[in-house]
$ cat target-v8.txt   # compact mmCIF, C-alpha atoms
# COMPACT_ATOMS: atom_id res chain seq x y z
CA MET N 656 49.69 -37.91 -26.42
CA LEU N 657 48.52 -38.57 -22.90
CA GLY N 658 44.96 -37.41 -23.77
CA LYS N 659 44.57 -39.99 -26.54
CA GLU N 660 45.83 -42.78 -24.28
CA ILE N 661 43.23 -41.86 -21.66
CA PHE N 662 40.51 -41.72 -24.31
CA ASP N 663 41.54 -45.16 -25.59
CA GLN N 664 41.25 -46.61 -22.08
CA PHE N 665 37.54 -45.81 -22.05
CA ARG N 666 36.78 -47.16 -25.51
CA LEU N 667 34.79 -50.39 -25.42
CA THR N 668 36.06 -53.49 -27.20
CA ASP N 669 33.74 -55.30 -29.62
CA GLU N 670 33.01 -57.88 -26.94
CA GLU N 671 32.32 -55.25 -24.27
CA ALA N 672 30.04 -53.26 -26.59
CA LEU N 673 27.90 -56.31 -27.39
CA THR N 674 27.87 -57.35 -23.73
CA LEU N 675 26.77 -53.88 -22.66
CA ALA N 676 24.03 -53.73 -25.32
CA ALA N 677 22.66 -57.14 -24.31
CA ALA N 678 22.85 -56.27 -20.59
CA LYS N 679 20.97 -53.01 -21.19
CA LEU N 680 18.24 -54.83 -23.10
CA TRP N 681 18.03 -57.43 -20.32
CA LEU N 682 17.79 -54.66 -17.69
CA MET N 683 15.03 -52.93 -19.62
CA GLN N 684 13.03 -56.14 -19.99
CA HIS N 685 13.62 -57.09 -16.35
CA ASP N 686 12.42 -53.65 -15.22
CA LEU N 687 9.34 -53.91 -17.41
CA ASP N 688 8.52 -57.37 -16.05
CA LYS N 689 8.68 -56.06 -12.47
CA ASP N 690 6.78 -52.78 -13.04
CA PRO N 691 3.28 -52.82 -11.47
CA ASP N 692 2.14 -49.53 -13.08
CA PRO N 693 0.12 -50.07 -16.31
CA GLU N 694 0.91 -46.56 -17.58
CA ASP N 695 4.63 -47.11 -17.09
CA ILE N 696 4.41 -50.46 -18.84
CA CYS N 697 2.69 -48.88 -21.85
CA ALA N 698 5.36 -46.18 -22.04
CA LYS N 699 8.26 -48.61 -21.66
CA ARG N 700 7.24 -51.19 -24.26
CA PRO N 701 7.97 -49.01 -27.31
CA VAL N 702 11.33 -47.96 -25.82
CA ILE N 703 12.35 -51.59 -25.41
CA LEU N 704 11.10 -52.45 -28.89
CA GLU N 705 13.08 -49.60 -30.45
CA TYR N 706 16.25 -50.58 -28.58
CA ALA N 707 15.86 -54.27 -29.44
CA LEU N 708 15.25 -53.47 -33.12
CA ALA N 709 18.37 -51.28 -33.25
CA LEU N 710 20.42 -54.05 -31.63
CA HIS N 711 19.04 -56.62 -34.07
CA ARG N 712 19.76 -54.37 -37.07
CA ALA N 713 23.34 -53.95 -35.85
CA CYS N 714 23.67 -57.73 -35.59
CA GLU N 715 22.23 -58.19 -39.09
CA ALA N 716 24.94 -55.90 -40.46
CA GLN N 717 27.72 -58.23 -39.24
CA PHE N 718 29.43 -60.02 -42.11
CA GLY N 719 32.53 -62.14 -42.39
CA ALA N 720 32.37 -63.83 -39.01
CA GLU N 721 34.01 -67.20 -38.52
CA GLY N 722 32.78 -69.92 -36.18
CA VAL N 723 29.17 -68.70 -36.09
CA PRO N 724 27.37 -70.78 -33.43
CA ASP N 725 23.86 -72.15 -33.56
CA ALA N 726 21.58 -69.54 -32.09
CA ASN N 727 20.61 -71.10 -28.78
CA PRO N 728 21.71 -70.19 -25.25
CA THR N 729 24.08 -73.15 -24.84
CA GLU N 730 25.91 -72.60 -28.14
CA LEU N 731 26.13 -68.83 -27.64
CA ARG N 732 27.59 -69.25 -24.15
CA ALA N 733 30.10 -71.77 -25.51
CA ARG N 734 31.17 -69.40 -28.31
CA VAL N 735 31.71 -66.59 -25.78
CA ASP N 736 34.50 -68.73 -24.30
CA HIS N 737 36.60 -68.19 -27.46
CA VAL N 738 38.74 -65.20 -28.35
CA SER N 739 37.08 -62.51 -30.51
CA TRP N 740 33.62 -63.96 -30.05
CA ALA N 741 31.56 -60.81 -30.70
CA PRO N 742 31.42 -60.96 -34.54
CA ALA N 743 30.29 -64.60 -34.53
CA VAL N 744 27.65 -64.01 -31.85
CA ARG N 745 26.39 -60.87 -33.62
CA ARG N 746 26.13 -62.83 -36.88
CA ALA N 747 24.23 -65.65 -35.12
CA LEU N 748 21.79 -63.15 -33.61
CA GLY N 749 21.47 -61.26 -36.90
CA ASP N 750 20.56 -64.45 -38.78
CA LEU N 751 17.62 -65.06 -36.46
CA PRO N 752 14.15 -63.60 -36.78
CA PHE N 753 13.80 -60.54 -34.54
CA ASP N 754 11.66 -62.20 -31.83
CA LYS N 755 14.10 -65.08 -31.38
CA ALA N 756 17.12 -62.76 -31.27
CA ARG N 757 15.37 -60.57 -28.70
CA ALA N 758 14.52 -63.61 -26.59
CA LEU N 759 18.18 -64.65 -26.56
CA CYS N 760 19.36 -61.15 -25.64
CA THR N 761 16.94 -61.08 -22.73
CA ASN N 762 17.88 -64.59 -21.60
CA TRP N 763 19.78 -64.22 -18.35
CA SER N 764 22.10 -67.16 -18.98
CA VAL N 765 23.28 -65.61 -22.27
CA VAL N 766 23.79 -62.15 -20.74
CA ALA N 767 25.50 -63.59 -17.66
CA GLY N 768 27.80 -65.62 -19.90
CA MET N 769 28.85 -62.46 -21.70
CA LEU N 770 29.29 -60.52 -18.46
CA SER N 771 31.38 -63.30 -16.96
CA LYS N 772 34.03 -62.70 -19.63
CA VAL N 773 34.75 -59.20 -18.32
CA ARG N 774 37.62 -60.16 -16.03
CA ARG N 775 39.72 -57.05 -15.61
CA ARG N 776 38.56 -54.79 -12.80
CA ASP N 777 38.97 -51.55 -14.76
CA ARG N 778 36.82 -52.92 -17.59
CA ALA N 779 34.18 -54.26 -15.18
CA VAL N 780 34.03 -50.87 -13.45
CA LEU N 781 33.57 -49.16 -16.82
CA LEU N 782 30.67 -51.44 -17.74
CA CYS N 783 29.19 -51.11 -14.26
CA VAL N 784 29.21 -47.31 -14.54
CA GLU N 785 27.60 -47.53 -17.99
CA LEU N 786 24.85 -49.75 -16.60
CA ALA N 787 24.38 -47.67 -13.45
CA VAL N 788 23.71 -44.47 -15.39
CA PHE N 789 21.55 -46.14 -18.03
CA TYR N 790 18.00 -44.81 -17.76
CA PRO N 791 16.10 -45.11 -21.06
CA TRP N 792 12.57 -44.47 -19.81
CA PRO N 793 10.44 -41.50 -20.76
CA GLN N 794 8.51 -39.61 -18.15
CA VAL N 795 5.12 -41.32 -18.18
CA ARG N 796 3.09 -38.55 -16.60
CA ALA N 797 3.76 -35.34 -14.76
CA ARG N 798 4.94 -36.03 -11.24
CA SER N 799 6.03 -33.87 -8.39
CA THR N 800 9.77 -33.85 -7.76
CA ARG N 801 9.31 -36.14 -4.77
CA ALA N 802 7.27 -38.64 -6.80
CA GLY N 803 9.84 -38.51 -9.59
CA HIS N 804 12.61 -39.36 -7.14
CA ARG N 805 10.59 -42.27 -5.81
CA GLN N 806 10.02 -43.50 -9.37
CA ALA N 807 13.72 -43.24 -10.24
CA GLY N 808 14.61 -45.09 -7.06
CA ARG N 809 12.05 -47.75 -7.81
CA CYS N 810 13.45 -48.37 -11.30
CA HIS N 811 17.11 -48.22 -10.35
CA GLY N 812 16.67 -50.02 -7.04
CA ARG N 813 15.51 -53.25 -8.61
CA THR N 814 18.86 -54.44 -9.89
CA ASP N 815 22.15 -54.26 -8.07
CA HIS N 816 24.47 -53.75 -11.04
CA THR N 817 27.54 -54.99 -9.17
CA ARG N 818 25.76 -58.31 -8.64
CA LEU N 819 24.77 -58.26 -12.31
CA LEU N 820 28.40 -57.94 -13.39
CA ARG N 821 29.31 -60.88 -11.15
CA GLY N 822 26.63 -62.98 -12.86
CA ASP N 823 24.21 -63.09 -9.92
CA ARG N 824 20.71 -62.02 -10.96
CA ARG N 825 18.92 -62.31 -7.60
$ encode --input "target-v8.txt" --output "structure tokens"
Amino acid sequence: MLGKEIFDQFRLTDEEALTLAAAKLWLMQHDLDKDPDPEDICAKRPVILEYALALHRACEAQFGAEGVPDANPTELRARVDHVSWAPAVRRALGDLPFDKARALCTNWSVVAGMLSKVRRRDRAVLLCVELAVFYPWPQVRARSTRAGHRQAGRCHGRTDHTRLLRGDRR
């Protein structure tokens, strides 16, 4: 069953899945905040809203978690230090109104705290690859191939994902 073992190696844990979802939302918001093009901003806002709503709905569906922290950056970061923290953090986020949960998921200290728990190199590489290929944006307007490449470079060039995984957001 070598094939199944390989497949299992690439399956995300609960903690990794929540970390990846929060990091993607943070990346989307960070990209939006840095985008100077009004048309791009208008096209990106609904994409971020849809993603954030889906993440919040998933958190609302979490039941049976123990040790649910208060929903603030300090408490969430402290809970991430415990084993099997994802259900409790999802429950805390799900109990919040949408805007507050979204604010926490786009708070760098919360996302960095989650990312800092990915300690094994193979798992960090897996998350890094997932973040590197993540491109949720629609095409805003027709562009020549050259302009499209510049746009893709502009969006992807803003964040060095290896630094992100190390917890450095500069």
$ atom_distance --input "target-v8.txt" --atom1 "atom CA of N:Ala756" --atom2 "atom CA of N:His711"
7.0 Å
$ axis_aligned_box --input "target-v8.txt" --around "stretch 754-772 of chain N" --padding-each-side "6 Å" --output "AutoDock Vina command-line options"
--center_x 22.8 --center_y -63.8 --center_z -24.4 --size_x 34.4 --size_y 18.6 --size_z 26.9
$ closest_residue --input "target-v8.txt" --among "N:Ala747, N:Val738, N:Cys697, N:Leu680" --to "N:Lys772" --atoms "only C-alpha atoms"
N:Val738
$ closest_residue --input "target-v8.txt" --among "N:Gln794, N:Asn727, N:Ser764, N:Gln684" --to "N:Leu751" --atoms "all atoms listed in the file"
N:Asn727
$ atom_distance --input "target-v8.txt" --atom1 "atom CA of N:Arg700" --atom2 "atom CA of N:Ala676"
17.0 Å
$ atom_distance --input "target-v8.txt" --atom1 "atom CA of N:Asp663" --atom2 "atom CA of N:Leu782"
14.8 Å
$ decode --input "target-v8.txt" --residues "stretch 693-704 of chain N" --atoms "all heavy atoms" --output "tab-separated table (two decimals), in the first residue's frame"
chain	number	residue	atom	x	y	z
N	693	PRO	N	-7.86	50.63	-8.25
N	693	PRO	CA	-9.25	50.61	-7.77
N	693	PRO	C	-10.10	49.48	-8.39
N	693	PRO	O	-10.94	48.90	-7.72
N	693	PRO	CB	-9.81	51.97	-8.16
N	693	PRO	CG	-8.63	52.83	-8.40
N	693	PRO	CD	-7.51	51.93	-8.82
N	694	GLU	N	-9.86	49.17	-9.66
N	694	GLU	CA	-10.63	48.09	-10.29
N	694	GLU	C	-10.27	46.74	-9.68
N	694	GLU	O	-11.14	45.89	-9.47
N	694	GLU	CB	-10.39	48.07	-11.80
N	694	GLU	CG	-11.10	49.20	-12.52
N	694	GLU	CD	-10.95	49.06	-14.02
N	694	GLU	OE1	-11.17	47.96	-14.55
N	694	GLU	OE2	-10.62	50.07	-14.65
N	695	ASP	N	-8.99	46.54	-9.41
N	695	ASP	CA	-8.58	45.29	-8.76
N	695	ASP	C	-9.18	45.18	-7.37
N	695	ASP	O	-9.64	44.12	-6.97
N	695	ASP	CB	-7.05	45.21	-8.66
N	695	ASP	CG	-6.37	44.88	-9.97
N	695	ASP	OD1	-7.08	44.57	-10.95
N	695	ASP	OD2	-5.14	44.93	-10.02
N	696	ILE	N	-9.17	46.28	-6.65
N	696	ILE	CA	-9.72	46.29	-5.30
N	696	ILE	C	-11.19	45.90	-5.32
N	696	ILE	O	-11.64	45.07	-4.52
N	696	ILE	CB	-9.50	47.67	-4.63
N	696	ILE	CG1	-8.01	47.88	-4.36
N	696	ILE	CG2	-10.33	47.81	-3.36
N	696	ILE	CD1	-7.64	49.29	-3.94
N	697	CYS	N	-11.95	46.49	-6.25
N	697	CYS	CA	-13.37	46.16	-6.36
N	697	CYS	C	-13.60	44.70	-6.70
N	697	CYS	O	-14.57	44.09	-6.25
N	697	CYS	CB	-14.04	47.05	-7.40
N	697	CYS	SG	-14.23	48.75	-6.86
N	698	ALA	N	-12.73	44.12	-7.51
N	698	ALA	CA	-12.88	42.71	-7.89
N	698	ALA	C	-12.45	41.78	-6.76
N	698	ALA	O	-12.98	40.68	-6.63
N	698	ALA	CB	-12.06	42.43	-9.14
N	699	LYS	N	-11.49	42.21	-5.95
N	699	LYS	CA	-10.96	41.35	-4.89
N	699	LYS	C	-11.84	41.30	-3.65
N	699	LYS	O	-11.90	40.28	-2.97
N	699	LYS	CB	-9.55	41.80	-4.51
N	699	LYS	CG	-8.52	41.53	-5.59
N	699	LYS	CD	-7.16	42.08	-5.21
N	699	LYS	CE	-6.14	41.79	-6.29
N	699	LYS	NZ	-4.81	42.29	-5.95
N	700	ARG	N	-12.51	42.40	-3.34
N	700	ARG	CA	-13.31	42.44	-2.11
N	700	ARG	C	-14.33	41.31	-2.01
N	700	ARG	O	-14.42	40.66	-0.98
N	700	ARG	CB	-13.98	43.80	-1.98
N	700	ARG	CG	-13.06	44.83	-1.41
N	700	ARG	CD	-13.81	46.06	-0.93
N	700	ARG	NE	-12.86	46.98	-0.38
N	700	ARG	CZ	-12.69	48.22	-0.80
N	700	ARG	NH1	-13.44	48.69	-1.78
N	700	ARG	NH2	-11.79	49.00	-0.25
N	701	PRO	N	-15.13	41.05	-3.07
N	701	PRO	CA	-16.10	39.95	-2.92
N	701	PRO	C	-15.44	38.58	-2.79
N	701	PRO	O	-15.99	37.69	-2.14
N	701	PRO	CB	-16.95	40.03	-4.19
N	701	PRO	CG	-16.37	41.08	-5.05
N	701	PRO	CD	-15.30	41.79	-4.30
N	702	VAL	N	-14.27	38.40	-3.36
N	702	VAL	CA	-13.56	37.13	-3.25
N	702	VAL	C	-13.13	36.91	-1.81
N	702	VAL	O	-13.31	35.81	-1.25
N	702	VAL	CB	-12.34	37.09	-4.20
N	702	VAL	CG1	-11.51	35.83	-4.00
N	702	VAL	CG2	-12.77	37.22	-5.65
N	703	ILE	N	-12.60	37.95	-1.19
N	703	ILE	CA	-12.19	37.86	0.21
N	703	ILE	C	-13.41	37.63	1.11
N	703	ILE	O	-13.37	36.79	2.01
N	703	ILE	CB	-11.44	39.13	0.65
N	703	ILE	CG1	-10.13	39.25	-0.11
N	703	ILE	CG2	-11.17	39.11	2.15
N	703	ILE	CD1	-9.40	40.55	0.13
N	704	LEU	N	-14.48	38.34	0.84
N	704	LEU	CA	-15.70	38.18	1.63
N	704	LEU	C	-16.22	36.75	1.54
N	704	LEU	O	-16.55	36.13	2.57
N	704	LEU	CB	-16.77	39.17	1.17
N	704	LEU	CG	-18.11	39.09	1.91
N	704	LEU	CD1	-17.93	39.39	3.40
N	704	LEU	CD2	-19.10	40.05	1.28
